[in-house]
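Q: File name entry-v3.pdb; file contents PDB, C-alpha atoms; full text below.
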```pdb
ATOM      1  CA  MET A  13      15.967  45.931 -40.831  1.00  0.00           C
ATOM      2  CA  ARG A  14      15.219  46.837 -37.249  1.00  0.00           C
ATOM      3  CA  PHE A  15      12.728  45.311 -34.776  1.00  0.00           C
ATOM      4  CA  TYR A  16      11.155  47.625 -32.248  1.00  0.00           C
ATOM      5  CA  VAL A  17      10.282  46.475 -28.752  1.00  0.00           C
ATOM      6  CA  ARG A  18       8.902  49.063 -26.367  1.00  0.00           C
ATOM      7  CA  ASP A  19      10.370  51.968 -28.200  1.00  0.00           C
ATOM      8  CA  ARG A  20      13.785  50.359 -28.513  1.00  0.00           C
ATOM      9  CA  TYR A  21      15.248  48.544 -31.384  1.00  0.00           C
ATOM     10  CA  LEU A  22      16.974  45.196 -31.199  1.00  0.00           C
ATOM     11  CA  PRO A  23      19.427  43.821 -33.673  1.00  0.00           C
ATOM     12  CA  ARG A  24      18.078  40.975 -35.786  1.00  0.00           C
ATOM     13  CA  ARG A  25      20.017  38.305 -33.854  1.00  0.00           C
ATOM     14  CA  GLN A  26      18.573  39.306 -30.439  1.00  0.00           C
ATOM     15  CA  ALA A  27      15.101  39.451 -31.873  1.00  0.00           C
ATOM     16  CA  GLN A  28      15.435  35.813 -32.979  1.00  0.00           C
ATOM     17  CA  GLN A  29      16.596  34.739 -29.466  1.00  0.00           C
ATOM     18  CA  ARG A  30      13.537  36.107 -27.666  1.00  0.00           C
ATOM     19  CA  GLY A  31      11.696  33.344 -25.772  1.00  0.00           C
ATOM     20  CA  SER A  32      14.541  30.833 -25.833  1.00  0.00           C
ATOM     21  CA  ALA A  33      15.042  31.143 -22.056  1.00  0.00           C
ATOM     22  CA  ALA A  34      11.381  30.259 -21.488  1.00  0.00           C
ATOM     23  CA  VAL A  35      11.697  27.186 -23.698  1.00  0.00           C
ATOM     24  CA  GLU A  36      14.870  26.044 -21.915  1.00  0.00           C
ATOM     25  CA  PHE A  37      13.200  26.567 -18.543  1.00  0.00           C
ATOM     26  CA  ALA A  38      10.192  24.521 -19.644  1.00  0.00           C
ATOM     27  CA  LEU A  39      12.469  21.681 -20.750  1.00  0.00           C
ATOM     28  CA  LEU A  40      14.318  21.629 -17.414  1.00  0.00           C
ATOM     29  CA  LEU A  41      11.254  22.140 -15.216  1.00  0.00           C
ATOM     30  CA  ILE A  42       9.945  18.565 -15.446  1.00  0.00           C
ATOM     31  CA  PRO A  43      13.224  16.820 -14.457  1.00  0.00           C
ATOM     32  CA  LEU A  44      13.762  19.347 -11.665  1.00  0.00           C
ATOM     33  CA  LEU A  45      10.260  18.767 -10.298  1.00  0.00           C
ATOM     34  CA  LEU A  46      10.726  14.989 -10.445  1.00  0.00           C
ATOM     35  CA  LEU A  47      14.055  15.280  -8.628  1.00  0.00           C
ATOM     36  CA  SER A  48      12.546  17.561  -5.973  1.00  0.00           C
ATOM     37  CA  PHE A  49       9.588  15.249  -5.467  1.00  0.00           C
ATOM     38  CA  GLY A  50      11.922  12.239  -5.133  1.00  0.00           C
ATOM     39  CA  ILE A  51      13.948  14.036  -2.478  1.00  0.00           C
ATOM     40  CA  VAL A  52      10.783  14.847  -0.521  1.00  0.00           C
ATOM     41  CA  GLU A  53       9.577  11.229  -0.700  1.00  0.00           C
ATOM     42  CA  TYR A  54      12.975   9.905   0.392  1.00  0.00           C
ATOM     43  CA  GLY A  55      12.906  12.307   3.353  1.00  0.00           C
ATOM     44  CA  ARG A  56       9.417  11.136   4.275  1.00  0.00           C
ATOM     45  CA  ALA A  57      10.525   7.500   4.209  1.00  0.00           C
ATOM     46  CA  LEU A  58      13.517   8.269   6.447  1.00  0.00           C
ATOM     47  CA  TYR A  59      11.279  10.189   8.850  1.00  0.00           C
ATOM     48  CA  GLN A  60       8.828   7.288   9.189  1.00  0.00           C
ATOM     49  CA  TYR A  61      11.637   4.750   9.594  1.00  0.00           C
ATOM     50  CA  ASN A  62      13.248   6.888  12.310  1.00  0.00           C
ATOM     51  CA  THR A  63       9.885   7.233  14.077  1.00  0.00           C
ATOM     52  CA  LEU A  64       9.482   3.446  14.132  1.00  0.00           C
ATOM     53  CA  VAL A  65      13.029   2.934  15.421  1.00  0.00           C
ATOM     54  CA  LYS A  66      12.432   5.352  18.294  1.00  0.00           C
ATOM     55  CA  SER A  67       9.099   3.786  19.205  1.00  0.00           C
ATOM     56  CA  VAL A  68      10.628   0.294  19.292  1.00  0.00           C
ATOM     57  CA  ARG A  69      13.425   1.544  21.535  1.00  0.00           C
ATOM     58  CA  ALA A  70      10.931   3.111  23.921  1.00  0.00           C
ATOM     59  CA  SER A  71       8.940  -0.135  24.057  1.00  0.00           C
ATOM     60  CA  VAL A  72      11.929  -2.336  24.783  1.00  0.00           C
ATOM     61  CA  ARG A  73      13.081   0.143  27.440  1.00  0.00           C
ATOM     62  CA  LEU A  74       9.683  -0.202  29.132  1.00  0.00           C
ATOM     63  CA  LEU A  75       9.920  -4.002  29.135  1.00  0.00           C
ATOM     64  CA  SER A  76      13.540  -4.116  30.255  1.00  0.00           C
ATOM     65  CA  SER A  77      12.654  -2.731  33.677  1.00  0.00           C
ATOM     66  CA  GLN A  78      10.386  -5.679  34.598  1.00  0.00           C
ATOM     67  CA  SER A  79      10.963  -9.397  34.897  1.00  0.00           C
ATOM     68  CA  PRO A  80       8.754 -11.767  32.870  1.00  0.00           C
ATOM     69  CA  ASP A  81       8.023 -13.483  36.200  1.00  0.00           C
ATOM     70  CA  SER A  82       6.217 -10.367  37.459  1.00  0.00           C
ATOM     71  CA  ASP A  83       2.424 -10.465  37.922  1.00  0.00           C
ATOM     72  CA  THR A  84       1.984  -7.258  35.922  1.00  0.00           C
ATOM     73  CA  TYR A  85       4.155  -8.342  33.008  1.00  0.00           C
ATOM     74  CA  ALA A  86       1.214  -9.398  30.788  1.00  0.00           C
ATOM     75  CA  SER A  87      -0.315  -5.925  30.979  1.00  0.00           C
ATOM     76  CA  LEU A  88       3.131  -4.436  30.451  1.00  0.00           C
ATOM     77  CA  ILE A  89       3.415  -6.313  27.135  1.00  0.00           C
ATOM     78  CA  ASN A  90       0.158  -4.737  25.947  1.00  0.00           C
ATOM     79  CA  GLN A  91       1.419  -1.333  27.054  1.00  0.00           C
ATOM     80  CA  ALA A  92       4.663  -1.896  25.144  1.00  0.00           C
ATOM     81  CA  ARG A  93       2.702  -2.757  21.972  1.00  0.00           C
ATOM     82  CA  CYS A  94       0.649   0.419  22.368  1.00  0.00           C
ATOM     83  CA  LEU A  95       3.809   2.445  22.976  1.00  0.00           C
ATOM     84  CA  ALA A  96       5.374   1.096  19.779  1.00  0.00           C
ATOM     85  CA  VAL A  97       2.325   1.910  17.654  1.00  0.00           C
ATOM     86  CA  TYR A  98       0.691   4.963  19.253  1.00  0.00           C
ATOM     87  CA  GLY A  99       3.511   6.527  21.274  1.00  0.00           C
ATOM     88  CA  ASN A 100       1.578   6.071  24.528  1.00  0.00           C
ATOM     89  CA  VAL A 101       0.745   3.097  26.756  1.00  0.00           C
ATOM     90  CA  ASP A 102      -3.045   3.525  26.460  1.00  0.00           C
ATOM     91  CA  CYS A 103      -3.428   2.985  22.680  1.00  0.00           C
ATOM     92  CA  LEU A 104      -4.993   6.425  22.356  1.00  0.00           C
ATOM     93  CA  GLY A 105      -4.841   8.628  19.300  1.00  0.00           C
ATOM     94  CA  VAL A 106      -3.525   8.013  15.829  1.00  0.00           C
ATOM     95  CA  ALA A 107      -0.758   5.542  14.979  1.00  0.00           C
ATOM     96  CA  LEU A 108       2.717   7.036  14.671  1.00  0.00           C
ATOM     97  CA  ALA A 109       2.934   5.812  11.076  1.00  0.00           C
ATOM     98  CA  PRO A 110       0.105   5.193   8.601  1.00  0.00           C
ATOM     99  CA  ASN A 111      -1.173   1.590   8.480  1.00  0.00           C
ATOM    100  CA  LEU A 112       0.819   0.539  11.557  1.00  0.00           C
ATOM    101  CA  SER A 113      -0.986  -1.865  13.895  1.00  0.00           C
ATOM    102  CA  THR A 114      -0.238  -3.645  17.151  1.00  0.00           C
ATOM    103  CA  ALA A 115      -0.356  -6.975  15.257  1.00  0.00           C
ATOM    104  CA  GLN A 116       2.936  -6.003  13.584  1.00  0.00           C
ATOM    105  CA  VAL A 117       4.709  -5.660  16.946  1.00  0.00           C
ATOM    106  CA  LYS A 118       6.479  -8.829  18.072  1.00  0.00           C
ATOM    107  CA  ILE A 119       7.825  -9.202  21.613  1.00  0.00           C
ATOM    108  CA  CYS A 120      10.235 -11.959  22.632  1.00  0.00           C
ATOM    109  CA  ASP A 121      11.812 -12.699  26.007  1.00  0.00           C
ATOM    110  CA  ARG A 122      12.943 -15.713  28.018  1.00  0.00           C
ATOM    111  CA  LYS A 123       9.314 -16.779  28.706  1.00  0.00           C
ATOM    112  CA  SER A 124       7.874 -16.217  25.231  1.00  0.00           C
ATOM    113  CA  TRP A 125      10.052 -16.355  22.124  1.00  0.00           C
ATOM    114  CA  SER A 126       7.768 -17.967  19.535  1.00  0.00           C
ATOM    115  CA  GLN A 127       7.049 -14.659  17.735  1.00  0.00           C
ATOM    116  CA  CYS A 128      10.716 -14.243  16.812  1.00  0.00           C
ATOM    117  CA  THR A 129      11.518 -16.498  13.884  1.00  0.00           C
ATOM    118  CA  GLY A 130      14.441 -18.831  14.496  1.00  0.00           C
ATOM    119  CA  ALA A 131      14.803 -17.859  18.148  1.00  0.00           C
ATOM    120  CA  THR A 132      15.137 -20.307  21.025  1.00  0.00           C
ATOM    121  CA  GLN A 133      14.942 -19.839  24.758  1.00  0.00           C
ATOM    122  CA  GLU A 134      18.734 -19.794  24.841  1.00  0.00           C
ATOM    123  CA  SER A 135      18.592 -16.639  22.694  1.00  0.00           C
ATOM    124  CA  TYR A 136      17.026 -14.751  25.630  1.00  0.00           C
ATOM    125  CA  ARG A 137      17.740 -16.659  28.856  1.00  0.00           C
ATOM    126  CA  SER A 138      21.144 -16.577  30.559  1.00  0.00           C
ATOM    127  CA  VAL A 139      23.009 -15.254  27.535  1.00  0.00           C
ATOM    128  CA  PRO A 140      26.746 -15.402  28.305  1.00  0.00           C
ATOM    129  CA  THR A 141      28.730 -12.166  28.266  1.00  0.00           C
ATOM    130  CA  GLY A 142      32.251 -11.276  29.324  1.00  0.00           C
ATOM    131  CA  TRP A 143      30.997 -10.497  32.849  1.00  0.00           C
ATOM    132  CA  GLY A 144      28.473 -13.263  33.441  1.00  0.00           C
ATOM    133  CA  THR A 145      25.034 -13.977  31.998  1.00  0.00           C
ATOM    134  CA  ILE A 146      22.074 -11.705  31.248  1.00  0.00           C
ATOM    135  CA  ASN A 147      18.478 -12.086  30.121  1.00  0.00           C
ATOM    136  CA  LEU A 148      17.342 -10.253  26.987  1.00  0.00           C
ATOM    137  CA  VAL A 149      14.092  -8.839  25.641  1.00  0.00           C
ATOM    138  CA  THR A 150      13.378  -7.937  21.999  1.00  0.00           C
ATOM    139  CA  VAL A 151      10.692  -5.710  20.504  1.00  0.00           C
ATOM    140  CA  LYS A 152      10.336  -5.915  16.744  1.00  0.00           C
ATOM    141  CA  ILE A 153       8.094  -4.347  14.088  1.00  0.00           C
ATOM    142  CA  GLU A 154       7.780  -6.600  11.059  1.00  0.00           C
ATOM    143  CA  GLY A 155       6.035  -6.119   7.756  1.00  0.00           C
ATOM    144  CA  TYR A 156       5.506  -2.356   7.845  1.00  0.00           C
ATOM    145  CA  VAL A 157       4.653  -1.088   4.362  1.00  0.00           C
ATOM    146  CA  PHE A 158       5.641   2.480   3.481  1.00  0.00           C
ATOM    147  CA  SER A 159       3.372   3.912   0.788  1.00  0.00           C
ATOM    148  CA  PHE A 160       4.713   6.558  -1.531  1.00  0.00           C
ATOM    149  CA  ILE A 161       2.396   9.487  -2.180  1.00  0.00           C
ATOM    150  CA  GLY A 162       2.759   9.247  -5.936  1.00  0.00           C
ATOM    151  CA  LEU A 163       3.319  12.016  -8.427  1.00  0.00           C
ATOM    152  CA  PRO A 164       0.877  14.931  -8.494  1.00  0.00           C
ATOM    153  CA  MET A 165      -2.203  14.279 -10.635  1.00  0.00           C
ATOM    154  CA  VAL A 166      -1.278  10.592 -10.853  1.00  0.00           C
ATOM    155  CA  THR A 167      -2.610   7.655  -8.854  1.00  0.00           C
ATOM    156  CA  ALA A 168      -0.869   6.579  -5.664  1.00  0.00           C
ATOM    157  CA  GLY A 169       2.684   5.422  -6.095  1.00  0.00           C
ATOM    158  CA  PRO A 170       4.263   2.073  -5.301  1.00  0.00           C
ATOM    159  CA  SER A 171       4.989   0.857  -1.798  1.00  0.00           C
ATOM    160  CA  MET A 172       8.065  -0.444  -0.002  1.00  0.00           C
ATOM    161  CA  THR A 173       8.183  -2.910   2.896  1.00  0.00           C
ATOM    162  CA  PHE A 174      10.686  -1.979   5.589  1.00  0.00           C
ATOM    163  CA  GLY A 175      12.864  -4.738   6.946  1.00  0.00           C
ATOM    164  CA  ALA A 176      12.370  -5.814  10.551  1.00  0.00           C
ATOM    165  CA  ILE A 177      12.944  -2.914  12.914  1.00  0.00           C
ATOM    166  CA  GLN A 178      14.030  -4.224  16.297  1.00  0.00           C
ATOM    167  CA  ALA A 179      15.677  -3.300  19.553  1.00  0.00           C
ATOM    168  CA  VAL A 180      17.209  -5.636  22.135  1.00  0.00           C
ATOM    169  CA  MET A 181      17.955  -4.783  25.760  1.00  0.00           C
ATOM    170  CA  ARG A 182      19.001  -6.472  28.933  1.00  0.00           C
ATOM    171  CA  GLN A 183      15.996  -7.451  31.032  1.00  0.00           C
ATOM    172  CA  ALA A 184      15.658  -7.337  34.800  1.00  0.00           C
ATOM    173  CA  GLY A 185      15.261 -10.534  36.733  1.00  0.00           C
TER     174      GLY A 185
END
```
Show this structure as structure tokens.
A:
Amino acid sequence: MRFYVRDRYLPRRQAQQRGSAAVEFALLLIPLLLLSFGIVEYGRALYQYNTLVKSVRASVRLLSSQSPDSDTYASLINQARCLAVYGNVDCLGVALAPNLSTAQVKICDRKSWSQCTGATQESYRSVPTGWGTINLVTVKIEGYVFSFIGLPMVTAGPSMTFGAIQAVMRQAG
């Protein structure tokens, strides 16, 4: 017995195999899509984490150039908070990461260290090094929650809280 497909005949065995590739593809499509979506979400999380690290570094660099004894230091702290959240010193525009606020930015130096848990004045003032003593300043983002997008056609996914993201530099004065 012969089966005809578009004016050609196929042996019985090939005729029974028709469509098997489509079925195998359908079975593998769901795991491949889940794997691809997981890779995209992981990349998004790394991107946001890297953005926060860079913004914290920029903020601590801004503060390291001034002494806490300076008259303009209080306004400089506000500018550093804005720089960490918005990427500029004027708090203009959209936050660098969703749901990031200036309340999550903690700044500690030799004059004010209460926002850094477990820190004392000795942690920032006249810290001994191999070549003398230095003063330190820390900028930290705590409690940032990264929200996963969630699978397509499903409600929003779970969230993950990043650990404290901080940078420490030597401070003038």
Q: Per residue of region 43-116 of chain A within 7 Å of region 131-152 of chain A, what are the shortest atom pair and its distance in Å to one decimal, counting all atoms listed in the file, with rows by chain and residue number, as JSON lines?
A:
```
{"residue": "A:Val68", "atom": "CA", "partner": "A:Val151", "partner_atom": "CA", "distance": 6.1}
{"residue": "A:Ser71", "atom": "CA", "partner": "A:Val151", "partner_atom": "CA", "distance": 6.8}
{"residue": "A:Val72", "atom": "CA", "partner": "A:Val151", "partner_atom": "CA", "distance": 5.6}
{"residue": "A:Ser76", "atom": "CA", "partner": "A:Val149", "partner_atom": "CA", "distance": 6.6}
```
Q: Rounded to one decimal in Å, what is the spacing between CA of Ser67 (chain A) and CA of Met181 (chain A)?
A: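 Between CA of Ser67 (chain A) and CA of Met181 (chain A) the gap is 14.0 Å.
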Q: So which residues fall inside 12 Å of (11.3, 1.7, 23.6) if we count all atoms listed in the file? Mind giving them as a VMD selection string?
A: chain A and resid 63 to 77 89 91 to 101 117 119 149 to 153 177 to 181
Q: Between CA of Asn62 (chain A) and CA of Arg122 (chain A), measure the distance and give it in Å to one decimal.
A: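 CA of Arg122 (chain A) lies at a distance of 27.5 Å from CA of Asn62 (chain A).
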Q: What separation in Å, quoted to one decimal, exists between CA of Phe49 (chain A) and CA of Phe160 (chain A)?
A: 10.7 Å
Q: Pull out every residue that the PyMOL selection byres ((chain A and resi 53-57) around 12) matches in the shown coordinates and put them as a PyMOL selection string.
A: chain A and resi 46-52+58-64+109-110+156-163+169-174
